>>> print(open('start10.csv').read())   # CSV, C-alpha atoms
chain,number,residue,atom,x,y,z
A,29,MET,CA,-11.8,16.7,-4.0
A,30,ALA,CA,-13.5,17.5,-7.3
A,31,GLY,CA,-13.1,14.8,-9.8
A,32,LYS,CA,-13.2,11.9,-7.3
A,33,LYS,CA,-15.4,9.0,-8.3
A,34,ILE,CA,-18.4,8.2,-6.0
A,35,LEU,CA,-20.7,5.2,-6.4
A,36,ILE,CA,-24.2,5.7,-4.9
A,37,VAL,CA,-26.1,2.5,-4.1
A,38,GLU,CA,-29.8,3.3,-3.4
A,39,ASP,CA,-33.0,1.7,-4.4
A,40,ASP,CA,-35.2,4.7,-3.6
A,41,LYS,CA,-35.1,6.5,-7.0
A,42,THR,CA,-36.1,9.9,-5.6
A,43,LEU,CA,-33.3,9.8,-3.0
A,44,LEU,CA,-30.9,8.4,-5.6
A,45,GLU,CA,-31.5,11.4,-7.9
A,46,VAL,CA,-31.2,13.9,-5.1
A,47,LEU,CA,-27.8,12.4,-4.0
A,48,ARG,CA,-26.6,12.2,-7.6
A,49,TYR,CA,-27.6,15.9,-8.3
A,50,ASN,CA,-25.9,17.2,-5.1
A,51,LEU,CA,-22.7,15.2,-5.4
A,52,THR,CA,-22.4,16.0,-9.1
A,53,LYS,CA,-22.9,19.7,-8.3
A,54,GLU,CA,-19.9,19.4,-5.9
A,55,GLY,CA,-17.8,18.3,-8.8
A,56,TYR,CA,-17.7,14.5,-8.1
A,57,ASP,CA,-17.9,11.9,-10.9
A,58,VAL,CA,-21.0,10.0,-9.9
A,59,SER,CA,-22.2,6.5,-10.9
A,60,THR,CA,-25.2,4.7,-9.5
A,61,ALA,CA,-26.6,1.3,-8.7
A,62,VAL,CA,-30.1,0.3,-7.5
A,63,ASP,CA,-29.3,-3.2,-6.0
A,64,GLY,CA,-26.5,-5.0,-4.3
A,65,VAL,CA,-25.5,-7.2,-7.2
A,66,GLN,CA,-25.2,-4.1,-9.5
A,67,ALA,CA,-23.3,-2.4,-6.7
A,68,LEU,CA,-20.6,-5.1,-6.6
A,69,ASP,CA,-20.3,-5.1,-10.4
A,70,CYS,CA,-19.8,-1.3,-10.4
A,71,ALA,CA,-17.4,-1.4,-7.5
A,72,GLU,CA,-15.1,-3.9,-9.2
A,73,ARG,CA,-15.4,-2.4,-12.6
A,74,GLU,CA,-15.0,1.3,-11.7
A,75,ARG,CA,-13.0,1.2,-8.4
A,76,PRO,CA,-14.7,4.4,-7.0
A,77,ASP,CA,-13.0,6.6,-4.5
A,78,LEU,CA,-16.0,6.3,-2.1
A,79,ILE,CA,-19.3,4.3,-1.9
A,80,VAL,CA,-22.5,5.7,-0.5
A,81,LEU,CA,-24.3,2.5,0.4
A,82,ASP,CA,-27.9,1.9,1.5
A,83,ILE,CA,-28.4,-1.1,3.8
A,84,MET,CA,-31.9,-2.1,2.6
A,85,LEU,CA,-31.4,-3.2,-1.0
A,86,PRO,CA,-33.0,-5.8,-3.3
A,87,ARG,CA,-31.1,-8.9,-4.4
A,88,LEU,CA,-28.2,-8.4,-2.0
A,89,ASP,CA,-28.4,-6.1,1.0
A,90,GLY,CA,-25.9,-3.4,1.9
A,91,LEU,CA,-24.3,-5.4,4.7
A,92,ASP,CA,-23.5,-8.3,2.4
A,93,VAL,CA,-22.2,-5.8,-0.2
A,94,CYS,CA,-19.9,-4.3,2.4
A,95,ARG,CA,-18.7,-7.7,3.6
A,96,ILE,CA,-17.9,-8.9,0.1
A,97,ILE,CA,-16.1,-5.7,-0.8
A,98,ARG,CA,-13.9,-6.0,2.2
A,99,LYS,CA,-13.3,-9.7,1.6
A,100,LYS,CA,-12.1,-8.8,-1.9
A,101,GLU,CA,-9.7,-6.4,-0.2
A,102,MET,CA,-11.0,-3.4,-2.0
A,103,ALA,CA,-9.9,-0.5,0.1
A,104,ILE,CA,-12.8,1.8,-0.8
A,105,PRO,CA,-14.3,4.1,1.9
A,106,ILE,CA,-17.9,3.1,2.6
A,107,LEU,CA,-20.6,5.5,4.0
A,108,MET,CA,-23.6,3.4,4.9
A,109,LEU,CA,-27.2,4.7,4.9
A,110,THR,CA,-30.2,3.2,6.6
A,111,ALA,CA,-33.7,4.1,7.6
A,112,ARG,CA,-33.4,1.9,10.6
A,113,VAL,CA,-32.6,3.3,14.0
A,114,GLU,CA,-31.5,0.1,15.8
A,115,GLU,CA,-28.0,0.3,17.2
A,116,ILE,CA,-27.3,-3.3,16.1
A,117,ASP,CA,-27.4,-2.2,12.4
A,118,LYS,CA,-24.7,0.4,13.0
A,119,VAL,CA,-22.5,-2.0,14.9
A,120,VAL,CA,-22.8,-4.8,12.3
A,121,GLY,CA,-22.1,-2.3,9.5
A,122,LEU,CA,-19.0,-1.0,11.2
A,123,GLU,CA,-17.8,-4.5,12.1
A,124,LEU,CA,-18.2,-5.5,8.5
A,125,GLY,CA,-15.9,-2.7,7.4
A,126,ALA,CA,-18.0,0.4,6.8
A,127,ASP,CA,-16.1,3.6,7.5
A,128,ASP,CA,-19.0,5.8,8.5
A,129,TYR,CA,-22.8,5.6,9.1
A,130,MET,CA,-25.8,7.9,8.6
A,131,THR,CA,-29.4,7.3,9.6
A,132,LYS,CA,-32.2,8.6,7.3
A,133,PRO,CA,-33.5,11.2,7.2
A,134,PHE,CA,-30.2,13.3,7.1
A,135,SER,CA,-29.3,16.8,5.9
A,136,MET,CA,-27.6,17.0,2.5
A,137,ARG,CA,-25.1,19.4,4.1
A,138,GLU,CA,-24.1,16.8,6.6
A,139,LEU,CA,-23.7,14.1,4.0
A,140,LEU,CA,-21.5,16.3,1.8
A,141,ALA,CA,-19.4,17.1,4.8
A,142,ARG,CA,-19.0,13.5,5.7
A,143,VAL,CA,-18.1,12.6,2.1
A,144,ARG,CA,-15.4,15.3,2.0
A,145,ALA,CA,-14.0,14.2,5.4
A,146,MET,CA,-13.8,10.6,4.3
A,147,LEU,CA,-12.1,11.4,1.0
A,148,ARG,CA,-9.6,13.5,2.8
A,149,ARG,CA,-8.9,10.8,5.3
A,150,ALA,CA,-8.5,8.2,2.5
A,151,GLU,CA,-6.1,10.4,0.6
A,152,MET,CA,-4.0,11.0,3.6
A,153,MET,CA,-3.8,7.3,4.4
A,154,GLN,CA,-2.8,6.5,0.8
A,155,ARG,CA,0.0,9.1,1.0
A,156,GLU,CA,1.2,7.6,4.3
A,157,ALA,CA,1.1,4.1,2.9
A,158,ALA,CA,3.0,5.2,-0.2
A,159,SER,CA,5.6,6.9,2.0
A,160,SER,CA,6.0,3.8,4.2
A,161,GLU,CA,6.3,1.6,1.2
A,162,ASP,CA,8.9,3.9,-0.4
A,163,ALA,CA,10.8,4.0,2.9
A,164,ALA,CA,10.8,0.2,3.1
A,165,HIS,CA,12.3,0.0,-0.4
A,166,ARG,CA,15.1,2.5,0.3
A,167,ILE,CA,18.0,1.9,2.6
A,168,MET,CA,20.1,4.9,3.7
A,169,VAL,CA,23.2,4.6,5.7
A,170,GLY,CA,25.3,7.7,5.9
A,171,GLU,CA,26.1,8.9,2.3
A,172,LEU,CA,25.1,5.5,0.9
A,173,GLU,CA,21.6,5.0,-0.5
A,174,ILE,CA,20.3,1.7,-1.8
A,175,ASP,CA,17.0,1.9,-3.7
A,176,VAL,CA,15.8,-1.7,-3.8
A,177,ALA,CA,12.7,-1.0,-5.9
A,178,ARG,CA,14.8,0.7,-8.7
A,179,HIS,CA,17.9,-1.4,-8.3
A,180,ARG,CA,20.0,1.7,-7.9
A,181,VAL,CA,22.8,2.6,-5.6
A,182,SER,CA,24.3,6.0,-5.0
A,183,LEU,CA,27.1,7.3,-2.8
A,184,SER,CA,27.1,11.0,-1.9
A,185,ARG,CA,24.3,11.3,-4.5
A,186,SER,CA,26.5,9.9,-7.3
A,187,THR,CA,25.1,6.8,-8.9
A,188,ILE,CA,27.3,3.7,-8.7
A,189,SER,CA,27.2,1.1,-11.4
A,190,LEU,CA,26.8,-2.4,-10.0
A,191,SER,CA,26.3,-5.8,-11.7
A,192,PRO,CA,23.0,-7.5,-10.8
A,193,LYS,CA,24.7,-10.0,-8.5
A,194,GLU,CA,26.7,-7.2,-6.8
A,195,PHE,CA,23.5,-5.4,-6.2
A,196,ASP,CA,21.7,-8.5,-4.8
A,197,LEU,CA,24.6,-9.2,-2.4
A,198,LEU,CA,24.7,-5.6,-1.2
A,199,ALA,CA,21.0,-5.3,-0.8
A,200,PHE,CA,20.7,-8.6,1.1
A,201,LEU,CA,23.4,-7.6,3.6
A,202,ALA,CA,22.0,-4.1,4.0
A,203,LYS,CA,18.5,-5.4,4.6
A,204,ASN,CA,20.0,-7.6,7.4
A,205,ARG,CA,22.2,-4.9,8.8
A,206,ARG,CA,24.7,-6.0,11.5
A,207,LYS,CA,23.9,-9.7,11.1
A,208,VAL,CA,26.9,-11.8,10.2
A,209,PHE,CA,26.6,-14.3,7.4
A,210,SER,CA,28.9,-17.1,6.4
A,211,ARG,CA,30.1,-17.4,2.8
A,212,ASP,CA,28.0,-20.6,2.4
A,213,VAL,CA,24.8,-18.8,3.6
A,214,LEU,CA,25.5,-15.9,1.3
A,215,LEU,CA,25.9,-18.3,-1.7
A,216,ASP,CA,22.6,-19.9,-0.7
A,217,LYS,CA,20.7,-16.6,-0.2
A,218,VAL,CA,22.1,-14.6,-3.0
A,219,TRP,CA,23.2,-17.1,-5.7
A,220,GLY,CA,20.6,-19.7,-4.9
A,221,TYR,CA,20.6,-23.4,-4.1
A,222,ASP,CA,21.7,-24.5,-7.6
A,223,TYR,CA,24.8,-22.4,-7.6
A,224,VAL,CA,27.9,-24.4,-8.7
A,225,GLY,CA,31.1,-22.8,-7.4
A,226,ASP,CA,33.0,-22.1,-4.3
A,227,THR,CA,33.0,-19.6,-1.5
A,228,ARG,CA,35.7,-17.5,-3.1
A,229,THR,CA,32.9,-16.1,-5.4
A,230,VAL,CA,31.6,-14.2,-2.3
A,231,ASP,CA,35.0,-12.9,-1.5
A,232,VAL,CA,35.5,-11.6,-5.0
A,233,HIS,CA,32.1,-9.8,-5.0
A,234,ILE,CA,32.8,-8.3,-1.6
A,235,ARG,CA,36.1,-7.0,-2.9
A,236,TRP,CA,34.5,-5.5,-6.0
A,237,LEU,CA,31.7,-3.9,-3.9
A,238,ARG,CA,34.3,-2.3,-1.5
A,239,GLN,CA,36.1,-0.8,-4.4
A,240,LYS,CA,32.9,0.8,-5.5
A,241,ILE,CA,31.1,1.9,-2.3
A,242,GLU,CA,33.9,2.4,0.2
A,243,VAL,CA,35.9,5.6,0.5
A,244,ASP,CA,38.9,3.4,1.6
A,245,PRO,CA,38.4,-0.2,0.4
A,246,SER,CA,41.3,-1.3,2.6
A,247,ASN,CA,39.6,0.1,5.7
A,248,PRO,CA,35.9,-0.6,4.9
A,249,LYS,CA,33.1,1.3,6.7
A,250,TYR,CA,30.1,-0.6,5.3
A,251,LEU,CA,31.1,-4.2,4.3
A,252,LEU,CA,33.0,-5.7,7.2
A,253,THR,CA,34.8,-9.0,7.5
A,254,VAL,CA,34.1,-11.0,10.7
A,255,ARG,CA,37.2,-13.2,10.9
A,256,GLY,CA,36.5,-16.9,10.8
A,257,VAL,CA,32.8,-16.4,10.2
A,258,GLY,CA,32.0,-14.2,7.1
A,259,TYR,CA,30.6,-10.8,6.4
A,260,LYS,CA,28.2,-8.2,7.6
A,261,PHE,CA,26.9,-4.8,6.7
A,262,GLU,CA,27.6,-2.2,9.3
A,263,GLY,CA,26.0,1.3,9.6
>>> encode(input="start10.csv", output="structure tokens")
Amino acid sequence: MAGKKILIVEDDKTLLEVLRYNLTKEGYDVSTAVDGVQALDCAERERPDLIVLDIMLPRLDGLDVCRIIRKKEMAIPILMLTARVEEIDKVVGLELGADDYMTKPFSMRELLARVRAMLRRAEMMQREAASSEDAAHRIMVGELEIDVARHRVSLSRSTISLSPKEFDLLAFLAKNRRKVFSRDVLLDKVWGYDYVGDTRTVDVHIRWLRQKIEVDPSNPKYLLTVRGVGYKFEG
């Protein structure tokens, strides 16, 4: 986890320096703030990987800082610190979006352990989110792969060259697998409301696509005709 950016927000200068020293010694890139307003500025400017945030701060307290950060949808893990022992502070902090909570005084070893655990958890969640997003942008049916994000289609790992409109039509049907669409609906969804033409345009593009992605275009496996209705993507 060395090299990760950590923002410490603490108005007690002695504790601030102790935290800075120990986190820097662990290999983290550390920045500091001594009040809530400064903390928000640093968070937006530097986008740290984790914030160690004291609750009792001048100008703007830690609870408000946490609330504003979450309202801005900054997905930064927050470890809250407080000298208070009341359960209500912990509950409010967690409800506002804090990820973990420590009550002063605490051991530096425990704080460092919490920081490492939070960073590992955040990294794991980012990987899972990236994987989910990638999966959402890739459609795989048999040997056919449609990479929506990169506008790329391959069959048996060989790239297939499609025109932009051929790709749009294929991607729309594949995203709505097994749903039947009339030619008029496909004109509307793929070509747009202002398209001037007739439904034969859809038939022509379907024929071209079959020639490119079907092993046997006369006996299609992916792009099927539903007689009297329209087309669907099967798979």
>>> atom_distance(input="start10.csv", atom1="atom CA of A:Arg180", atom2="atom CA of A:Lys203")
14.5 Å
>>> closest_residue(input="start10.csv", among="A:Leu107, A:Ile36, A:Leu172, A:Val208", to="A:Ala145", atoms="only C-alpha atoms")
A:Leu107
>>> closest_residue(input="start10.csv", among="A:Leu183, A:Ile97, A:Met108, A:Val119", to="A:Leu85", atoms="only C-alpha atoms")
A:Met108
>>> residues_around(input="start10.csv", residues="A:Glu101", least_positions_apart="5", cutoff="12 Å", atoms="all atoms listed in the file", output="short mmCIF file (atom, residue, chain, number, x, y, z; two decimals) with C-alpha atoms, in the coordinates of the input")
data_model
loop_
_atom_site.label_atom_id
_atom_site.label_comp_id
_atom_site.auth_asym_id
_atom_site.auth_seq_id
_atom_site.Cartn_x
_atom_site.Cartn_y
_atom_site.Cartn_z
CA ALA A 71 -17.40 -1.40 -7.50
CA GLU A 72 -15.10 -3.90 -9.20
CA ARG A 75 -13.00 1.20 -8.40
CA CYS A 94 -19.90 -4.30 2.40
CA ARG A 95 -18.70 -7.70 3.60
CA ILE A 96 -17.90 -8.90 0.10
CA GLY A 125 -15.90 -2.70 7.40
#
>>> residues_around(input="start10.csv", residues="A:Val120", least_positions_apart="4", cutoff="12 Å", atoms="all atoms listed in the file", output="list in words")
Ile83, Gly90, Leu91, Asp92, Cys94, Arg95, Met108, Glu114, Glu115, Ile116, Leu124, Gly125, Ala126, Asp127, Asp128 and Tyr129 of chain A
>>> residues_near_point(input="start10.csv", point="(22.6, -0.7, 7.9)", cutoff="8 Å", atoms="only C-alpha atoms", output="MDAnalysis selection string")
chainID A and resid 167:169 202:206 250 261:263
>>> atom_distance(input="start10.csv", atom1="atom CA of A:Pro86", atom2="atom CA of A:Lys32")
26.9 Å
>>> residues_around(input="start10.csv", residues="A:Ala150", least_positions_apart="5", cutoff="12 Å", atoms="all atoms listed in the file", output="list in words")
Met29, Lys32, Pro76, Asp77, Leu78, Ala103, Ile104, Pro105, Ile106, Asp127, Val143, Arg144, Ala145, Arg155, Glu156 and Ala157 of chain A
>>> residues_around(input="start10.csv", residues="A:Val230", least_positions_apart="5", cutoff="8 Å", atoms="only C-alpha atoms", output="number ranges by chain")
A: 211, 214-215
>>> residues_around(input="start10.csv", residues="stretch 194-199 of chain A", least_positions_apart="2", cutoff="12 Å", atoms="only C-alpha atoms", output="number ranges by chain")
A: 165-168, 172-182, 188-192, 201-205, 209, 211, 213-220, 229-241, 250-252, 259-262
>>> atom_distance(input="start10.csv", atom1="atom CA of A:Arg148", atom2="atom CA of A:Thr42")
28.0 Å
>>> closest_residue(input="start10.csv", among="A:Leu140, A:Val80, A:Leu147, A:Leu122", to="A:Arg98", atoms="all atoms listed in the file")
A:Leu122
>>> residues_near_point(input="start10.csv", point="(-34.1, -3.5, -0.5)", cutoff="10 Å", atoms="only C-alpha atoms", output="MDAnalysis selection string")
chainID A and resid 38:40 62:64 82:90
>>> closest_residue(input="start10.csv", among="A:Arg48, A:Arg228, A:Val254, A:Ala61", to="A:Met136", atoms="all atoms listed in the file")
A:Arg48
>>> closest_residue(input="start10.csv", among="A:Leu81, A:Met146, A:Val46, A:Ala67", to="A:Thr131", atoms="all atoms listed in the file")
A:Leu81
